[in-house]
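Asks: Pasting a structure here, questions to come.
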Amino acid sequence: MTQLRDARVRRGWSQSELIARLRSAARAAGRELPADGTLRSMISRWEAGHHEPSALYRQLFDAVYEAGETTGGHTAAAVRSHQFIVVWLGAVSAQKLAVAHGMTLDTAAWTEPYRCQSASPTSECACNLHVWPHGVAIFHVVDECSFSSLAALAIWRQHAYGERLKWATTQLQPSAPKARASYILSLYWLTESAWSGDDYETAMRIMCMPPVLLSRDDDDDSSDADDGDDRAHQHAEARLTENTLLATKWDHPDVRSFGVAGTSSGYASWSGVVYHAQSASRALSEDELVDLELAIQSAWAYCAHLNGELEQGRDPLVPDQWGWRYLRAVRSRLINPRARESGQHRSMREAILETSVLVDQLDQAIEALRDTAMMQS
């Protein structure tokens with residue numbers, strides 16, 4: 001962001017002087033910042049325009065500069081990004097991991113995983129580790145983000161995915177050497193919109209399917225080659241696509257709405273979920289979306305493993321307590337409404353279930369486990 005660099009240069013500050021002022025502002029807000037070397041690297045990337053500062057750092061810059069000076073008058077979208085990094089472990093490794101980390105059972109969750117705080121991929125985010133006894137682990141990573149465009153979000157997501165899949169795999173190596181993080185699902189909780197009118201709903205739909213802005217030739221693992229010119233070219237192309245899609249009120253048959261007019265806007269797709277609570281007192285809570293995604297992704301990863309065994313010509317073998325009756329109970333918990341469930345919650349659950357294509361996978365996995373159990377009896 002040239003505005004960040006220009007604001008510092010106008011005052012004649014070195015990066016060290018800026019860091020000292022940022023630390024002072026952070027202490028006043030009761031926050032701790034990373035080491036000077038890390039901050040210096042972050043500031044260099046922000047000033048070069050390679051990354052966007054998170055909401056926290058935008059607030060700190062507003063504290064040390066004049067409010068709005070570093071935004072060039074452009075409104076940025078503030079987003080809390082929830083990334084669910086999914087790993088198949090197997091029941092034995094899952095139990096070892098839970099013991100090794102001293103994890104406690106989360107009985108309030110839909111499918112009762114073990115849970116603990118975890119190391120984070122970066123100093124700017126928070127992370128919890130959830131482990132299900134049937135053999136799935138999920139790192140839940142939360143970032144406070146601010147993006148000047150949907151293109152910037154899509155590019156950040158792409159590069160973060162490549163980096164964090166490797167990070168999650170490395171984290172599990174001591175307890176589960178053969179485990180590999182397989183995919184990441186994102187949930188975006190929009191806290192401040194940068195759009196209005198027709199652009200608002202169109203932007204929400206794009207946000208739940210960010211890859212639509214990027215070339216199919218782009219690779220999630222391209223973070224290894226962080227070339228400034230390549231990133232600038234990628235961003236320029238994505239911005240052109242973003243403007244076109246906004247102008248044409250882009251929609252997609254695989255995007256499912258679950259918002260309520262005047263209360264919220266929510267969309268789900270195969271790529272992710274986005275939600276904006278326009279009325280905090282009437283809309284769904286952030287925890288409701290997070291809890292559902294944890295339950296769905298843990299079941300999805302289990303079914304993917306079981307159905308993968310079928311595709312390899314093998315009968316899936318699992319401990320009895322995690323067999324077809326367990327999956328039948330999970331399916332019932334996910335698809336059947338509760339007596340006191342709100343209409344908004346039901347719409348959310350149905351939209352995310354439908355776009356995840358989980359129910360069909362559950363049916364196939366239950367049938368396979370039942371057939372295997374009958375052959376063994």
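Identifiers for the structure tokens are assigned positionally: chains receive A, B, ... in sequence, residues are indexed from 1 per chain, and ligands are indexed from 1 in the order shown.
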Residues within 9 Å of Ile43 in chain A, please, as a list in words. Count only C-alpha atoms; anything in the same chain fewer than 2 positions from it doesn't count.
Replies: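 Selected residues are Leu4, Arg5, Gln15, Ile19, Thr38, Leu39, Arg40, Ser41, Arg45, Trp46, Glu47, Ala48 and Pro53 of chain A.
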Asks: Looking only at helix (DSSP H, G or I) from DSSP on the backbone, list the matching residues of range 61-202 of chain A as a PyMOL selection string.
Replies: chain A and resi 61-64+91-100+150-172+197-202
Asks: Applying 9 Å and only C-alpha atoms, which residues near Leu284 in chain A remain after dropping the ones on its own chain fewer than 5 positions away? List them as a VMD selection string.
Replies: chain A and resid 264 275 277 289 344 to 345 348
Asks: Nearest to Ala126 in chain A: which of A:Val141, A:Ile296, A:Val99, A:Ala160 is it, counting only C-alpha atoms?
Replies: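 Nearest to Ala126 in chain A: A:Val141.
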Asks: Which one of A:Gly313, A:Gly135, A:Pro121, A:Gly102 sits closest to Lys166 in chain A if you count only C-alpha atoms?
Replies: A:Pro121
